[in-house]
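Chemist: The file below is my_file-v4.pdb, PDB, N, CA and C atoms, pLDDT in the B column:
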ATOM      1  N   MET N  28     114.264  99.558 111.074  1.00 58.00           N
ATOM      2  CA  MET N  28     113.022  99.315 111.789  1.00 58.00           C
ATOM      3  C   MET N  28     111.837  99.960 111.059  1.00 58.00           C
ATOM      4  N   ALA N  29     112.027 101.181 110.541  1.00 66.00           N
ATOM      5  CA  ALA N  29     110.940 101.868 109.854  1.00 66.00           C
ATOM      6  C   ALA N  29     110.569 101.141 108.562  1.00 66.00           C
ATOM      7  N   VAL N  30     111.556 100.561 107.901  1.00 71.00           N
ATOM      8  CA  VAL N  30     111.279  99.831 106.663  1.00 71.00           C
ATOM      9  C   VAL N  30     110.427  98.604 106.969  1.00 71.00           C
ATOM     10  N   ASN N  31     110.744  97.912 108.039  1.00 87.00           N
ATOM     11  CA  ASN N  31     109.959  96.730 108.404  1.00 87.00           C
ATOM     12  C   ASN N  31     108.527  97.116 108.748  1.00 87.00           C
ATOM     13  N   ALA N  32     108.342  98.219 109.454  1.00 85.00           N
ATOM     14  CA  ALA N  32     106.993  98.677 109.794  1.00 85.00           C
ATOM     15  C   ALA N  32     106.234  99.048 108.528  1.00 85.00           C
ATOM     16  N   LYS N  33     106.920  99.647 107.579  1.00 88.00           N
ATOM     17  CA  LYS N  33     106.285 100.027 106.315  1.00 88.00           C
ATOM     18  C   LYS N  33     105.854  98.783 105.548  1.00 88.00           C
ATOM     19  N   LYS N  34     106.711  97.765 105.515  1.00 90.00           N
ATOM     20  CA  LYS N  34     106.361  96.516 104.832  1.00 90.00           C
ATOM     21  C   LYS N  34     105.169  95.844 105.506  1.00 90.00           C
ATOM     22  N   ILE N  35     105.183  95.812 106.810  1.00 92.00           N
ATOM     23  CA  ILE N  35     104.088  95.182 107.553  1.00 92.00           C
ATOM     24  C   ILE N  35     102.779  95.925 107.286  1.00 92.00           C
ATOM     25  N   ALA N  36     102.820  97.256 107.313  1.00 91.00           N
ATOM     26  CA  ALA N  36     101.614  98.045 107.053  1.00 91.00           C
ATOM     27  C   ALA N  36     101.095  97.798 105.639  1.00 91.00           C
ATOM     28  N   THR N  37     102.002  97.677 104.684  1.00 92.00           N
ATOM     29  CA  THR N  37     101.602  97.408 103.305  1.00 92.00           C
ATOM     30  C   THR N  37     100.943  96.040 103.195  1.00 92.00           C
ATOM     31  N   TYR N  38     101.544  95.034 103.806  1.00 94.00           N
ATOM     32  CA  TYR N  38     100.962  93.690 103.766  1.00 94.00           C
ATOM     33  C   TYR N  38      99.592  93.656 104.428  1.00 94.00           C
ATOM     34  N   VAL N  39      99.453  94.334 105.558  1.00 94.00           N
ATOM     35  CA  VAL N  39      98.167  94.370 106.253  1.00 94.00           C
ATOM     36  C   VAL N  39      97.107  95.034 105.374  1.00 94.00           C
ATOM     37  N   LEU N  40      97.474  96.121 104.719  1.00 92.00           N
ATOM     38  CA  LEU N  40      96.536  96.817 103.837  1.00 92.00           C
ATOM     39  C   LEU N  40      96.117  95.945 102.663  1.00 92.00           C
ATOM     40  N   VAL N  41      97.074  95.228 102.072  1.00 93.00           N
ATOM     41  CA  VAL N  41      96.770  94.342 100.943  1.00 93.00           C
ATOM     42  C   VAL N  41      95.854  93.201 101.385  1.00 93.00           C
ATOM     43  N   VAL N  42      96.152  92.606 102.520  1.00 95.00           N
ATOM     44  CA  VAL N  42      95.322  91.505 103.032  1.00 95.00           C
ATOM     45  C   VAL N  42      93.905  92.010 103.317  1.00 95.00           C
ATOM     46  N   PHE N  43      93.799  93.193 103.920  1.00 90.00           N
ATOM     47  CA  PHE N  43      92.473  93.758 104.202  1.00 90.00           C
ATOM     48  C   PHE N  43      91.701  94.007 102.919  1.00 90.00           C
ATOM     49  N   ALA N  44      92.374  94.579 101.916  1.00 87.00           N
ATOM     50  CA  ALA N  44      91.711  94.850 100.636  1.00 87.00           C
ATOM     51  C   ALA N  44      91.227  93.555  99.999  1.00 87.00           C
ATOM     52  N   LEU N  45      92.059  92.537  99.994  1.00 90.00           N
ATOM     53  CA  LEU N  45      91.649  91.245  99.428  1.00 90.00           C
ATOM     54  C   LEU N  45      90.486  90.645 100.206  1.00 90.00           C
ATOM     55  N   TYR N  46      90.511  90.764 101.525  1.00 91.00           N
ATOM     56  CA  TYR N  46      89.434  90.252 102.358  1.00 91.00           C
ATOM     57  C   TYR N  46      88.109  90.933 102.009  1.00 91.00           C
ATOM     58  N   VAL N  47      88.137  92.276 101.882  1.00 88.00           N
ATOM     59  CA  VAL N  47      86.916  93.017 101.568  1.00 88.00           C
ATOM     60  C   VAL N  47      86.413  92.630 100.175  1.00 88.00           C
ATOM     61  N   ILE N  48      87.321  92.510  99.215  1.00 88.00           N
ATOM     62  CA  ILE N  48      86.925  92.157  97.849  1.00 88.00           C
ATOM     63  C   ILE N  48      86.303  90.767  97.802  1.00 88.00           C
ATOM     64  N   ILE N  49      86.876  89.827  98.505  1.00 93.00           N
ATOM     65  CA  ILE N  49      86.385  88.443  98.470  1.00 93.00           C
ATOM     66  C   ILE N  49      85.071  88.304  99.223  1.00 93.00           C
ATOM     67  N   THR N  50      84.956  88.937 100.393  1.00 93.00           N
ATOM     68  CA  THR N  50      83.760  88.747 101.206  1.00 93.00           C
ATOM     69  C   THR N  50      82.577  89.587 100.747  1.00 93.00           C
ATOM     70  N   ASP N  51      82.832  90.775 100.188  1.00 90.00           N
ATOM     71  CA  ASP N  51      81.731  91.641  99.769  1.00 90.00           C
ATOM     72  C   ASP N  51      82.157  92.502  98.580  1.00 90.00           C
ATOM     73  N   PRO N  52      82.093  91.923  97.369  1.00 89.00           N
ATOM     74  CA  PRO N  52      82.556  92.663  96.189  1.00 89.00           C
ATOM     75  C   PRO N  52      81.781  93.958  95.924  1.00 89.00           C
ATOM     76  N   ALA N  53      80.498  93.974  96.227  1.00 90.00           N
ATOM     77  CA  ALA N  53      79.705  95.183  95.983  1.00 90.00           C
ATOM     78  C   ALA N  53      80.183  96.331  96.869  1.00 90.00           C
ATOM     79  N   LYS N  54      80.469  96.016  98.108  1.00 87.00           N
ATOM     80  CA  LYS N  54      80.959  97.045  99.026  1.00 87.00           C
ATOM     81  C   LYS N  54      82.347  97.519  98.593  1.00 87.00           C
ATOM     82  N   ALA N  55      83.177  96.613  98.111  1.00 87.00           N
ATOM     83  CA  ALA N  55      84.506  96.984  97.624  1.00 87.00           C
ATOM     84  C   ALA N  55      84.385  97.917  96.428  1.00 87.00           C
ATOM     85  N   ALA N  56      83.429  97.646  95.554  1.00 89.00           N
ATOM     86  CA  ALA N  56      83.208  98.516  94.399  1.00 89.00           C
ATOM     87  C   ALA N  56      82.752  99.909  94.843  1.00 89.00           C
ATOM     88  N   ASP N  57      81.923  99.951  95.878  1.00 91.00           N
ATOM     89  CA  ASP N  57      81.492 101.241  96.411  1.00 91.00           C
ATOM     90  C   ASP N  57      82.685 102.032  96.957  1.00 91.00           C
ATOM     91  N   TYR N  58      83.592 101.345  97.645  1.00 87.00           N
ATOM     92  CA  TYR N  58      84.783 102.019  98.183  1.00 87.00           C
ATOM     93  C   TYR N  58      85.643 102.577  97.057  1.00 87.00           C
ATOM     94  N   VAL N  59      85.798 101.816  96.000  1.00 89.00           N
ATOM     95  CA  VAL N  59      86.599 102.285  94.860  1.00 89.00           C
ATOM     96  C   VAL N  59      85.922 103.490  94.220  1.00 89.00           C
ATOM     97  N   GLN N  60      84.615 103.440  94.062  1.00 95.00           N
ATOM     98  CA  GLN N  60      83.886 104.562  93.473  1.00 95.00           C
ATOM     99  C   GLN N  60      84.020 105.808  94.336  1.00 95.00           C
ATOM    100  N   ILE N  61      83.916 105.652  95.650  1.00 95.00           N
ATOM    101  CA  ILE N  61      84.068 106.790  96.560  1.00 95.00           C
ATOM    102  C   ILE N  61      85.467 107.384  96.425  1.00 95.00           C
ATOM    103  N   GLY N  62      86.463 106.520  96.320  1.00 93.00           N
ATOM    104  CA  GLY N  62      87.840 106.996  96.164  1.00 93.00           C
ATOM    105  C   GLY N  62      88.035 107.774  94.885  1.00 93.00           C
ATOM    106  N   PHE N  63      87.518 107.254  93.770  1.00 96.00           N
ATOM    107  CA  PHE N  63      87.666 107.950  92.492  1.00 96.00           C
ATOM    108  C   PHE N  63      86.872 109.251  92.461  1.00 96.00           C
ATOM    109  N   GLU N  64      85.711 109.277  93.104  1.00 97.00           N
ATOM    110  CA  GLU N  64      84.946 110.520  93.183  1.00 97.00           C
ATOM    111  C   GLU N  64      85.712 111.567  93.979  1.00 97.00           C
ATOM    112  N   GLY N  65      86.374 111.136  95.044  1.00 96.00           N
ATOM    113  CA  GLY N  65      87.178 112.062  95.843  1.00 96.00           C
ATOM    114  C   GLY N  65      88.336 112.628  95.045  1.00 96.00           C
ATOM    115  N   ILE N  66      89.013 111.764  94.289  1.00 97.00           N
ATOM    116  CA  ILE N  66      90.128 112.217  93.445  1.00 97.00           C
ATOM    117  C   ILE N  66      89.615 113.178  92.378  1.00 97.00           C
ATOM    118  N   SER N  67      88.483 112.864  91.783  1.00 97.00           N
ATOM    119  CA  SER N  67      87.904 113.721  90.753  1.00 97.00           C
ATOM    120  C   SER N  67      87.528 115.088  91.319  1.00 97.00           C
ATOM    121  N   ASP N  68      86.901 115.099  92.483  1.00 97.00           N
ATOM    122  CA  ASP N  68      86.520 116.366  93.110  1.00 97.00           C
ATOM    123  C   ASP N  68      87.756 117.200  93.453  1.00 97.00           C
ATOM    124  N   ALA N  69      88.805 116.552  93.928  1.00 97.00           N
ATOM    125  CA  ALA N  69      90.038 117.264  94.259  1.00 97.00           C
ATOM    126  C   ALA N  69      90.665 117.865  93.005  1.00 97.00           C
ATOM    127  N   ALA N  70      90.667 117.122  91.914  1.00 97.00           N
ATOM    128  CA  ALA N  70      91.238 117.630  90.665  1.00 97.00           C
ATOM    129  C   ALA N  70      90.424 118.819  90.144  1.00 97.00           C
ATOM    130  N   LYS N  71      89.099 118.742  90.253  1.00 97.00           N
ATOM    131  CA  LYS N  71      88.253 119.865  89.829  1.00 97.00           C
ATOM    132  C   LYS N  71      88.536 121.100  90.678  1.00 97.00           C
ATOM    133  N   ALA N  72      88.686 120.909  91.981  1.00 97.00           N
ATOM    134  CA  ALA N  72      88.956 122.038  92.872  1.00 97.00           C
ATOM    135  C   ALA N  72      90.308 122.671  92.552  1.00 97.00           C
ATOM    136  N   ILE N  73      91.305 121.859  92.267  1.00 97.00           N
ATOM    137  CA  ILE N  73      92.613 122.393  91.902  1.00 97.00           C
ATOM    138  C   ILE N  73      92.521 123.166  90.587  1.00 97.00           C
ATOM    139  N   GLY N  74      91.773 122.636  89.640  1.00 96.00           N
ATOM    140  CA  GLY N  74      91.575 123.328  88.364  1.00 96.00           C
ATOM    141  C   GLY N  74      90.888 124.668  88.544  1.00 96.00           C
ATOM    142  N   GLN N  75      89.855 124.700  89.371  1.00 96.00           N
ATOM    143  CA  GLN N  75      89.161 125.956  89.639  1.00 96.00           C
ATOM    144  C   GLN N  75      90.082 126.954  90.335  1.00 96.00           C
ATOM    145  N   PHE N  76      90.892 126.482  91.254  1.00 95.00           N
ATOM    146  CA  PHE N  76      91.828 127.352  91.960  1.00 95.00           C
ATOM    147  C   PHE N  76      92.858 127.932  90.988  1.00 95.00           C
ATOM    148  N   MET N  77      93.397 127.095  90.126  1.00 95.00           N
ATOM    149  CA  MET N  77      94.390 127.568  89.151  1.00 95.00           C
ATOM    150  C   MET N  77      93.766 128.569  88.181  1.00 95.00           C
ATOM    151  N   THR N  78      92.515 128.326  87.771  1.00 95.00           N
ATOM    152  CA  THR N  78      91.819 129.267  86.904  1.00 95.00           C
ATOM    153  C   THR N  78      91.633 130.602  87.616  1.00 95.00           C
ATOM    154  N   TRP N  79      91.282 130.559  88.881  1.00 94.00           N
ATOM    155  CA  TRP N  79      91.119 131.762  89.690  1.00 94.00           C
ATOM    156  C   TRP N  79      92.429 132.530  89.778  1.00 94.00           C
ATOM    157  N   ILE N  80      93.531 131.816  89.978  1.00 94.00           N
ATOM    158  CA  ILE N  80      94.851 132.456  90.054  1.00 94.00           C
ATOM    159  C   ILE N  80      95.195 133.114  88.720  1.00 94.00           C
ATOM    160  N   VAL N  81      94.996 132.397  87.616  1.00 94.00           N
ATOM    161  CA  VAL N  81      95.347 132.906  86.284  1.00 94.00           C
ATOM    162  C   VAL N  81      94.497 134.142  85.942  1.00 94.00           C
ATOM    163  N   ASN N  82      93.262 134.159  86.400  1.00 92.00           N
ATOM    164  CA  ASN N  82      92.378 135.298  86.112  1.00 92.00           C
ATOM    165  C   ASN N  82      92.623 136.483  87.039  1.00 92.00           C
ATOM    166  N   GLY N  83      93.698 136.467  87.790  1.00 89.00           N
ATOM    167  CA  GLY N  83      94.036 137.592  88.645  1.00 89.00           C
ATOM    168  C   GLY N  83      93.483 137.521  90.057  1.00 89.00           C
ATOM    169  N   ALA N  84      93.035 136.365  90.475  1.00 81.00           N
ATOM    170  CA  ALA N  84      92.542 136.139  91.831  1.00 81.00           C
ATOM    171  C   ALA N  84      91.419 137.114  92.197  1.00 81.00           C
ATOM    172  N   LYS N  85      90.465 137.267  91.287  1.00 76.00           N
ATOM    173  CA  LYS N  85      89.339 138.186  91.527  1.00 76.00           C
ATOM    174  C   LYS N  85      88.181 137.450  92.141  1.00 76.00           C
TER     175      LYS N  85
END
Output the file's structure in the form of structure tokens.

Modeler:
Amino acid sequence: MAVNAKKIATYVLVVFALYVIITDPAKAADYVQIGFEGISDAAKAIGQFMTWIVNGAK
């Protein structure tokens, strides 16, 4: 049952993504940019945290 729910959720997400891309490509591009900015900010924060740890957590 959980596998079927997972497949259904995946299909719904794919259909939604295609719908957004087809109906409003500029908005879809904004969503992708926001996502990549979030990933970039998270990676920078992890890097800063690791640097802080390596420097003795001062």

Chemist: Give me, please, the distance in Å between CA of Ala70 (chain N) and CA of Val47 (chain N), quoted to one decimal.

Modeler: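 Here the two named atoms are 27.3 Å from each other.
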
Chemist: Any idea what the distance is between atom N of Asp57 (chain N) and CA of Val39 (chain N)?

Modeler: 20.1 Å

Chemist: Interatomic distance between CA of Gly62 (chain N) and atom C of Trp79 (chain N)?

Modeler: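 The value is 26.7 Å.
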
Chemist: Please return the centre and edge lengths, in Å to one decimal, of a box with edges along x, y and z that contains all listed atoms of region 72-79 of chain N, widened by 6 Å on every side, as JSON.

Modeler:
{"center_x": 91.5, "center_y": 126.7, "center_z": 89.9, "size_x": 17.7, "size_y": 23.6, "size_z": 18.0}

Chemist: Mind rebuilding region 64-77 of chain N with N, CA, C and O atoms and writing that out as a PDB file, in the frame of the given file?

Modeler:
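Contents of the output file rebuild-v9.pdb:
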ATOM      1  N   GLU N  64      85.711 109.277  93.104  1.00 97.00           N
ATOM      2  CA  GLU N  64      84.946 110.520  93.183  1.00 97.00           C
ATOM      3  C   GLU N  64      85.712 111.567  93.979  1.00 97.00           C
ATOM      4  O   GLU N  64      85.720 112.750  93.617  1.00 97.00           O
ATOM      5  N   GLY N  65      86.374 111.136  95.044  1.00 96.00           N
ATOM      6  CA  GLY N  65      87.178 112.062  95.843  1.00 96.00           C
ATOM      7  C   GLY N  65      88.336 112.628  95.045  1.00 96.00           C
ATOM      8  O   GLY N  65      88.618 113.834  95.097  1.00 96.00           O
ATOM      9  N   ILE N  66      89.013 111.764  94.289  1.00 97.00           N
ATOM     10  CA  ILE N  66      90.128 112.217  93.445  1.00 97.00           C
ATOM     11  C   ILE N  66      89.615 113.178  92.378  1.00 97.00           C
ATOM     12  O   ILE N  66      90.240 114.215  92.109  1.00 97.00           O
ATOM     13  N   SER N  67      88.483 112.864  91.783  1.00 97.00           N
ATOM     14  CA  SER N  67      87.904 113.721  90.753  1.00 97.00           C
ATOM     15  C   SER N  67      87.528 115.088  91.319  1.00 97.00           C
ATOM     16  O   SER N  67      87.809 116.124  90.706  1.00 97.00           O
ATOM     17  N   ASP N  68      86.901 115.099  92.483  1.00 97.00           N
ATOM     18  CA  ASP N  68      86.520 116.366  93.110  1.00 97.00           C
ATOM     19  C   ASP N  68      87.756 117.200  93.453  1.00 97.00           C
ATOM     20  O   ASP N  68      87.757 118.426  93.277  1.00 97.00           O
ATOM     21  N   ALA N  69      88.805 116.552  93.928  1.00 97.00           N
ATOM     22  CA  ALA N  69      90.038 117.264  94.259  1.00 97.00           C
ATOM     23  C   ALA N  69      90.665 117.865  93.005  1.00 97.00           C
ATOM     24  O   ALA N  69      91.122 119.015  93.022  1.00 97.00           O
ATOM     25  N   ALA N  70      90.667 117.122  91.914  1.00 97.00           N
ATOM     26  CA  ALA N  70      91.238 117.630  90.665  1.00 97.00           C
ATOM     27  C   ALA N  70      90.424 118.819  90.144  1.00 97.00           C
ATOM     28  O   ALA N  70      91.001 119.807  89.668  1.00 97.00           O
ATOM     29  N   LYS N  71      89.099 118.742  90.253  1.00 97.00           N
ATOM     30  CA  LYS N  71      88.253 119.865  89.829  1.00 97.00           C
ATOM     31  C   LYS N  71      88.536 121.100  90.678  1.00 97.00           C
ATOM     32  O   LYS N  71      88.613 122.217  90.155  1.00 97.00           O
ATOM     33  N   ALA N  72      88.686 120.909  91.981  1.00 97.00           N
ATOM     34  CA  ALA N  72      88.956 122.038  92.872  1.00 97.00           C
ATOM     35  C   ALA N  72      90.308 122.671  92.552  1.00 97.00           C
ATOM     36  O   ALA N  72      90.430 123.903  92.545  1.00 97.00           O
ATOM     37  N   ILE N  73      91.305 121.859  92.267  1.00 97.00           N
ATOM     38  CA  ILE N  73      92.613 122.393  91.902  1.00 97.00           C
ATOM     39  C   ILE N  73      92.521 123.166  90.587  1.00 97.00           C
ATOM     40  O   ILE N  73      93.101 124.245  90.449  1.00 97.00           O
ATOM     41  N   GLY N  74      91.773 122.636  89.640  1.00 96.00           N
ATOM     42  CA  GLY N  74      91.575 123.328  88.364  1.00 96.00           C
ATOM     43  C   GLY N  74      90.888 124.668  88.544  1.00 96.00           C
ATOM     44  O   GLY N  74      91.293 125.668  87.940  1.00 96.00           O
ATOM     45  N   GLN N  75      89.855 124.700  89.371  1.00 96.00           N
ATOM     46  CA  GLN N  75      89.161 125.956  89.639  1.00 96.00           C
ATOM     47  C   GLN N  75      90.082 126.954  90.335  1.00 96.00           C
ATOM     48  O   GLN N  75      90.062 128.153  90.020  1.00 96.00           O
ATOM     49  N   PHE N  76      90.892 126.482  91.254  1.00 95.00           N
ATOM     50  CA  PHE N  76      91.828 127.352  91.960  1.00 95.00           C
ATOM     51  C   PHE N  76      92.858 127.932  90.988  1.00 95.00           C
ATOM     52  O   PHE N  76      93.146 129.126  91.025  1.00 95.00           O
ATOM     53  N   MET N  77      93.397 127.095  90.126  1.00 95.00           N
ATOM     54  CA  MET N  77      94.390 127.568  89.151  1.00 95.00           C
ATOM     55  C   MET N  77      93.766 128.569  88.181  1.00 95.00           C
ATOM     56  O   MET N  77      94.396 129.564  87.826  1.00 95.00           O
TER      57      MET N  77
END
